[in-house]
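Taking it in order: structure first as structure tokens, then the write-up.
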2 protein chains.
Amino acid sequence: MKLLPERTIERLSKYRRVLQRELDNGTDHIYSHELAKLLHITPVQVRRDIMLIGHTGTLRKGYGIENLIKLIGEIIDCSSSEQNVAIIGIGKLGQALLEYLNSSNTRLNLSAVFDNNPDKIGDSFGGTLCHNIDNLKKIIIRENITIGILTVPPEYAKEISARMVDAGILGIMNYTPVSLKLDHAFLEEYDVITSLEKVAYFAKPRHAEFL
Amino acid sequence: MKLLPERTIERLSKYRRVLQRELDNGTDHIYSHELAKLLHITPVQVRRDIMLIGHTGTLRKGYGIENLIKLIGEIIDCSSSEQNVAIIGIGKLGQALLEYLNSSNTRLNLSAVFDNNPDKIGDSFGGTLCHNIDNLKKIIIRENITIGILTVPPEYAKEISARMVDAGILGIMNYTPVSLKLDHAFLEEYDVITSLEKVAYFAKPRHAEFL
DNA sequence: AATGTTATGTGATTTTTATAACAGTTGTTA
DNA sequence: TAACAACTGTTATAAAAATCACATAACATT
């Protein structure tokens with residue numbers, strides 16, 4: 001299938017979680033405007049996204065929740081082979097993200113955690129063993145890890161990310177404030193300070209368009 | 001001045017930090033292609049952003065770093081009144097973000113932290129006092145806090161965000177997985193699971209356009 | 001059966017964002 | 001001083017994303 005737009009993928013991830021909650025509540029169908037309301041977006045947006053993934057609803061009945069969840073799963077999780085994740089650098093942020101992962105029902109599988117702190121190596125973090133970062137490549141290969149969450153101190157970001165890619169990782173979620181450039185792997189970056197400063201810019205009385 | 005594009009603001013935040021580092025290294029001018037390289041974007045993008053904020057470089061000499069930093073500060077931080085920030089919910093993620101804030105040289109001022117856990121109330125987190133969330137409105141008004149970082153458990157997100165806005169907060173950075181809708185305040189949301197699932201989707205051999 | 005209402009599905013349009021193309025200016029070199 | 005090279009500033013174009021507008025189908029009501 002053709003690659004879907006980034007924003008659509010982001011929304012699909014959210015649709016899935018909201019839909020799962022509805023399913024657990026015993027609902028089996030949902031209208032585009034209901035789903036839209038739950039995420040504060042427009043019904044057209046919902047219908048277009050669903051159209052793009054080739055799902056089709058029933059007129060006057062809405063979308064079948066169970067089928068839709070399954071389809072989104074096939075798109076994001078890649079039905080065939082499950083995707084394994086590692087967190088590299090298990091400081092405060094790494095541990096916070098681990099909590100989010102463990103408390104969500106994503107199909108992504110946290111398989112390993114890495115750090116260079118001898119006090120942490122060998123410990124279990126939320127049920128996942130912390131490995132010595134020296135063994136990065138070995139463990140990534142052994143556990144068939146394809147996705148890495150990078151939460152190391154900034155001075156290590158460049159070197160470690162290169163080693164991750166070298167070990168065969170296909171995608172990195174980079175939370176360090178260092179901008180990276182990867183060859184042969186997908187990269188997504190999130191900068192905490194940048195988003196806060198963005199809020200600071202727009203959250204001003206002089207920018208009154210949200211009033 | 002007219003409102004700047006969101007993406008431009010995001011990049012300005014990054015320009016500033018990179019530029020500050022260069023300034024500390026003793027550099028006083030920088031070319032668009034140098035700045036671009038540091039952030040892995042194109043020189044045109046840099047020049048366009050700088051044009052949009054009304055700064056002007058010197059031909060064959062590049063941009064004056066000191067002036068540029070100052071101008072970005074006036075845009076983001078709002079030179080006149082400094083902006084005060086609070087973190088609401090000081091769990092693992094809240095503490096991780098606090099570390100980021102304290103270790104960055106952003107001009108945003110962390111003034112308060114809130115929680116409902118009696119063990120935390122009264123404690124200092126990285127130099128900032130943790131208040132009882134019952135006093136949210138009182139403290140927000142007293143400390144003139146305009147920006148809130150929301151890191152409470154999902155079940156509290158809606159209610160607390162409403163109370164934040166009621167207390168006069170102008171912008172919320174929402175890290176809970178609950179989608180919010182605010183009236184009269186700017187809202188930015190970041191969903192940890194969504195970005196990871198996005199990486200999962202694009203980081204697949206079948207999507208080989210990054211190879 | 002005719003009419004109205006409620007939803008879906010999608011082509012057309014607009015908005016936002018990024019890229020390309022290039023004019024103009026300053027300095028350098030032959 | 002003529003020709004060239006290196007950069008900035010900006011207009012024009014393209015690409016990505018969101019929204020609008022509306023055709024169409026299913027059902028309800030009269």
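In the structure tokens, chains take letters A, B, ... by order of appearance, with residues numbered from 1 within each chain and ligands from 1 in the order shown.
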
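Close contacts of Lys198 (chain A), defined as residues with an atom at most 10 Å away when counting only C-alpha atoms (C1' of nucleotides), with chain neighbours fewer than 2 positions off set aside, comprise Ile193, Thr194, Ser195, Leu196, Ala200, Tyr201, Phe202 and Ala203 of chain A; Glu6, Arg7, Thr8, Ile9, Glu10, Arg11, Leu12, Ser13, Ile76, Asp77, Gly171, Met173 and Glu188 of chain B.
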
- Task: Could you please write out, as a list in words, every residue of region 99-129 of chain B that DSSP assigns to strand (DSSP E or B)?
- Result: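 Checking each residue of region 99-129 of chain B, the strand (DSSP E or B) ones are Asn109, Leu110, Ser111, Ala112, Val113, Phe114, Asp115, Ser124, Phe125, Thr128 and Leu129 of chain B.
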
May I have the residues from that selection written out with N, CA and C atoms, as a PDB file, in the first residue's frame?
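Result went into again-v3.pdb, see below:
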```
ATOM      1  N   ASN B 109      10.571  30.818  33.227  1.00  0.00           N
ATOM      2  CA  ASN B 109      10.897  30.774  34.640  1.00  0.00           C
ATOM      3  C   ASN B 109       9.975  29.783  35.366  1.00  0.00           C
ATOM      4  N   LEU B 110      10.537  28.688  35.823  1.00  0.00           N
ATOM      5  CA  LEU B 110       9.708  27.721  36.546  1.00  0.00           C
ATOM      6  C   LEU B 110       9.417  28.249  37.947  1.00  0.00           C
ATOM      7  N   SER B 111       8.169  28.584  38.214  1.00  0.00           N
ATOM      8  CA  SER B 111       7.824  29.254  39.472  1.00  0.00           C
ATOM      9  C   SER B 111       7.146  28.344  40.484  1.00  0.00           C
ATOM     10  N   ALA B 112       6.530  27.282  40.019  1.00  0.00           N
ATOM     11  CA  ALA B 112       5.810  26.440  40.966  1.00  0.00           C
ATOM     12  C   ALA B 112       5.585  25.048  40.394  1.00  0.00           C
ATOM     13  N   VAL B 113       5.364  24.125  41.336  1.00  0.00           N
ATOM     14  CA  VAL B 113       5.066  22.749  40.989  1.00  0.00           C
ATOM     15  C   VAL B 113       3.866  22.358  41.836  1.00  0.00           C
ATOM     16  N   PHE B 114       2.968  21.551  41.260  1.00  0.00           N
ATOM     17  CA  PHE B 114       1.764  21.165  42.007  1.00  0.00           C
ATOM     18  C   PHE B 114       1.597  19.642  42.008  1.00  0.00           C
ATOM     19  N   ASP B 115       1.047  19.149  43.099  1.00  0.00           N
ATOM     20  CA  ASP B 115       0.695  17.731  43.161  1.00  0.00           C
ATOM     21  C   ASP B 115      -0.374  17.551  44.231  1.00  0.00           C
ATOM     22  N   SER B 124      10.906  20.373  47.893  1.00  0.00           N
ATOM     23  CA  SER B 124      11.489  21.158  46.813  1.00  0.00           C
ATOM     24  C   SER B 124      11.915  20.220  45.686  1.00  0.00           C
ATOM     25  N   PHE B 125      11.523  20.541  44.475  1.00  0.00           N
ATOM     26  CA  PHE B 125      11.933  19.756  43.311  1.00  0.00           C
ATOM     27  C   PHE B 125      12.854  20.613  42.454  1.00  0.00           C
ATOM     28  N   THR B 128      12.362  24.121  43.201  1.00  0.00           N
ATOM     29  CA  THR B 128      11.028  24.709  43.113  1.00  0.00           C
ATOM     30  C   THR B 128      10.077  24.009  44.087  1.00  0.00           C
ATOM     31  N   LEU B 129       9.339  24.799  44.822  1.00  0.00           N
ATOM     32  CA  LEU B 129       8.464  24.273  45.868  1.00  0.00           C
ATOM     33  C   LEU B 129       7.225  23.589  45.274  1.00  0.00           C
TER      34      LEU B 129
END
```

- Item | Interatomic distance, CA of Leu97 (chain A) to CA of Arg142 (chain A) (Å, one decimal) |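 Taking CA of Leu97 (chain A) and CA of Arg142 (chain A), their separation equals 23.1 Å.
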
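In this structure, CA of Ala157 (chain B) sits 21.7 Å away from CA of Leu101 (chain B).
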
- Item | Residue hits in chain B, query chain D, radius 9 Å, only C-alpha atoms (C1' of nucleotides), as a PyMOL selection string | chain B and resi 31-32+47-48+51+56-62

- Task: Could you find all residues in region 45-130 of chain A that DSSP calls alpha helix (DSSP H) from the backbone, and write them as a ChimeraX atom specification?
- Result: /A:45-52,65-76,92-103

What's the 10 Å shell around region 138-141 of chain A, counting only C-alpha atoms (C1' of nucleotides), without same-chain residues fewer than 3 positions away, as a PDB file with N, CA and C atoms, in the first residue's frame?
```
ATOM      1  N   ASN A  84       9.879  -4.799  18.247  1.00  0.00           N
ATOM      2  CA  ASN A  84      10.487  -4.687  19.566  1.00  0.00           C
ATOM      3  C   ASN A  84      11.179  -3.350  19.737  1.00  0.00           C
ATOM      4  N   VAL A  85      11.066  -2.826  20.953  1.00  0.00           N
ATOM      5  CA  VAL A  85      11.543  -1.484  21.261  1.00  0.00           C
ATOM      6  C   VAL A  85      12.581  -1.536  22.369  1.00  0.00           C
ATOM      7  N   ALA A  86      13.533  -0.615  22.311  1.00  0.00           N
ATOM      8  CA  ALA A  86      14.485  -0.468  23.420  1.00  0.00           C
ATOM      9  C   ALA A  86      14.541   0.992  23.839  1.00  0.00           C
ATOM     10  N   SER A 111      11.575  -4.497  24.873  1.00  0.00           N
ATOM     11  CA  SER A 111      12.384  -5.700  25.053  1.00  0.00           C
ATOM     12  C   SER A 111      13.655  -5.464  25.843  1.00  0.00           C
ATOM     13  N   ALA A 112      14.133  -4.228  25.870  1.00  0.00           N
ATOM     14  CA  ALA A 112      15.399  -3.993  26.562  1.00  0.00           C
ATOM     15  C   ALA A 112      15.556  -2.528  26.923  1.00  0.00           C
ATOM     16  N   VAL A 113      16.405  -2.317  27.913  1.00  0.00           N
ATOM     17  CA  VAL A 113      16.741  -0.986  28.378  1.00  0.00           C
ATOM     18  C   VAL A 113      18.262  -0.948  28.484  1.00  0.00           C
ATOM     19  N   PHE A 114      18.849   0.196  28.128  1.00  0.00           N
ATOM     20  CA  PHE A 114      20.312   0.294  28.184  1.00  0.00           C
ATOM     21  C   PHE A 114      20.744   1.507  29.004  1.00  0.00           C
ATOM     22  N   HIS A 131      20.536  -3.353  30.369  1.00  0.00           N
ATOM     23  CA  HIS A 131      21.801  -3.902  29.887  1.00  0.00           C
ATOM     24  C   HIS A 131      22.882  -2.833  29.866  1.00  0.00           C
ATOM     25  N   ASN A 132      24.110  -3.304  29.877  1.00  0.00           N
ATOM     26  CA  ASN A 132      25.250  -2.414  29.674  1.00  0.00           C
ATOM     27  C   ASN A 132      25.233  -1.905  28.235  1.00  0.00           C
ATOM     28  N   ILE A 133      25.407  -0.616  28.091  1.00  0.00           N
ATOM     29  CA  ILE A 133      25.336  -0.037  26.750  1.00  0.00           C
ATOM     30  C   ILE A 133      26.448  -0.568  25.847  1.00  0.00           C
ATOM     31  N   ASP A 134      27.497  -1.112  26.458  1.00  0.00           N
ATOM     32  CA  ASP A 134      28.560  -1.728  25.658  1.00  0.00           C
ATOM     33  C   ASP A 134      28.035  -2.916  24.847  1.00  0.00           C
ATOM     34  N   ASN A 135      26.966  -3.511  25.333  1.00  0.00           N
ATOM     35  CA  ASN A 135      26.407  -4.679  24.637  1.00  0.00           C
ATOM     36  C   ASN A 135      25.264  -4.306  23.693  1.00  0.00           C
ATOM     37  N   ASN A 144      16.111  -8.839  18.376  1.00  0.00           N
ATOM     38  CA  ASN A 144      15.448  -8.370  17.160  1.00  0.00           C
ATOM     39  C   ASN A 144      14.716  -7.044  17.394  1.00  0.00           C
ATOM     40  N   ILE A 145      15.433  -6.080  17.948  1.00  0.00           N
ATOM     41  CA  ILE A 145      14.869  -4.768  18.255  1.00  0.00           C
ATOM     42  C   ILE A 145      14.980  -3.873  17.024  1.00  0.00           C
ATOM     43  N   THR A 146      13.863  -3.257  16.654  1.00  0.00           N
ATOM     44  CA  THR A 146      13.869  -2.429  15.440  1.00  0.00           C
ATOM     45  C   THR A 146      13.680  -0.948  15.736  1.00  0.00           C
ATOM     46  N   ILE A 147      13.234  -0.634  16.960  1.00  0.00           N
ATOM     47  CA  ILE A 147      12.949   0.756  17.288  1.00  0.00           C
ATOM     48  C   ILE A 147      13.651   1.149  18.586  1.00  0.00           C
ATOM     49  N   GLY A 148      14.277   2.318  18.576  1.00  0.00           N
ATOM     50  CA  GLY A 148      14.975   2.773  19.765  1.00  0.00           C
ATOM     51  C   GLY A 148      14.482   4.125  20.235  1.00  0.00           C
ATOM     52  N   MET A 164      23.325   2.629  17.194  1.00  0.00           N
ATOM     53  CA  MET A 164      22.008   1.997  17.086  1.00  0.00           C
ATOM     54  C   MET A 164      21.724   1.599  15.642  1.00  0.00           C
ATOM     55  N   ALA A 167      23.691  -1.224  14.497  1.00  0.00           N
ATOM     56  CA  ALA A 167      23.216  -2.507  15.032  1.00  0.00           C
ATOM     57  C   ALA A 167      21.973  -3.005  14.306  1.00  0.00           C
ATOM     58  N   GLY A 168      21.425  -2.158  13.425  1.00  0.00           N
ATOM     59  CA  GLY A 168      20.292  -2.618  12.621  1.00  0.00           C
ATOM     60  C   GLY A 168      18.955  -2.012  12.991  1.00  0.00           C
ATOM     61  N   ILE A 169      18.976  -1.021  13.860  1.00  0.00           N
ATOM     62  CA  ILE A 169      17.718  -0.379  14.244  1.00  0.00           C
ATOM     63  C   ILE A 169      17.133   0.384  13.045  1.00  0.00           C
TER      64      ILE A 169
END
```

- Residue nearest Gly54 (chain A) among A:Lys2, A:Leu98, A:Lys120, A:Ile41 (counting only C-alpha atoms):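 That would be A:Lys2, the residue with the smallest distance to Gly54 (chain A).
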
- Contact residues (chain C, partner chain A, 8 Å, only C-alpha atoms (C1' of nucleotides)) as a ChimeraX atom specification: /C:6-9

The selected residues should be written to file as a PDB file, in the first residue's frame (atoms: C-alpha atoms (C1' of nucleotides)).
```pdb
ATOM      1  C1'  DT C   6     -28.834  11.529   8.701  1.00  0.00           C
ATOM      2  C1'  DA C   7     -24.424   9.704   7.554  1.00  0.00           C
ATOM      3  C1'  DT C   8     -20.786   8.189   4.493  1.00  0.00           C
ATOM      4  C1'  DG C   9     -17.362   8.905   0.651  1.00  0.00           C
TER       5       DG C   9
END
```

- Could you state the separation of CA of Gln83 (chain B) and CA of Leu108 (chain B) in Å, given to one decimal place? 5.7 Å

- Item | Counting only C-alpha atoms, the residue of B:Pro118, B:Ile160, B:Ile65, B:Arg17 that sits nearest chain A |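 Of B:Pro118, B:Ile160, B:Ile65, B:Arg17, the one nearest chain A, counting only C-alpha atoms, is B:Arg17.
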
- Which of these, B:Asn102, B:Asn116, B:Thr27, B:Gln95, has the shortest distance to chain A once you count only C-alpha atoms? B:Gln95

- Query: What lies within 12 Å of Lys92 (chain B) using only C-alpha atoms (C1' of nucleotides), ignoring chain neighbours under 4 positions off, as a ChimeraX atom specification?
  - Reply: /A:90-100 /B:87-88,96-99,125,151-153

Can you write out the residues you just picked, keeping C-alpha atoms, as a short mmCIF file (atom, residue, chain, number, x, y, z; two decimals), in the first residue's frame?
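Saved as part.cif:
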```cif
data_model
loop_
_atom_site.label_atom_id
_atom_site.label_comp_id
_atom_site.auth_asym_id
_atom_site.auth_seq_id
_atom_site.Cartn_x
_atom_site.Cartn_y
_atom_site.Cartn_z
CA ILE A 90 17.17 5.08 31.57
CA GLY A 91 17.28 8.38 33.48
CA LYS A 92 14.19 10.23 34.64
CA LEU A 93 12.80 10.72 31.15
CA GLY A 94 13.55 7.17 30.10
CA GLN A 95 11.75 5.87 33.17
CA ALA A 96 8.81 8.18 32.59
CA LEU A 97 8.45 6.97 29.02
CA LEU A 98 8.73 3.38 30.20
CA GLU A 99 5.80 3.97 32.52
CA TYR A 100 3.76 5.35 29.63
CA ILE B 87 4.35 21.96 36.30
CA ILE B 88 1.12 20.32 37.36
CA ALA B 96 12.06 14.65 33.92
CA LEU B 97 10.72 17.79 32.28
CA LEU B 98 11.79 19.84 35.26
CA GLU B 99 15.34 18.57 34.77
CA PHE B 125 11.93 19.76 43.31
CA THR B 151 1.55 15.86 33.57
CA VAL B 152 -1.21 14.53 35.80
CA PRO B 153 -2.77 11.06 35.48
#
```

- Top pick for closest residue to chain A, considering B:Gln45, B:Lys158, B:Asn67, B:Cys78 and counting only C-alpha atoms: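 Using only C-alpha atoms, chain A sits closest to B:Cys78.
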
- Task: Go through B:Asp166, B:Glu197, B:Glu82, B:Asp123 one by one, measure the shortest atom-to-atom distance of each to chain A using only C-alpha atoms, and give the residue with the smallest value.
- Result: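 Of the candidates, the smallest distance to chain A is held by B:Glu197.
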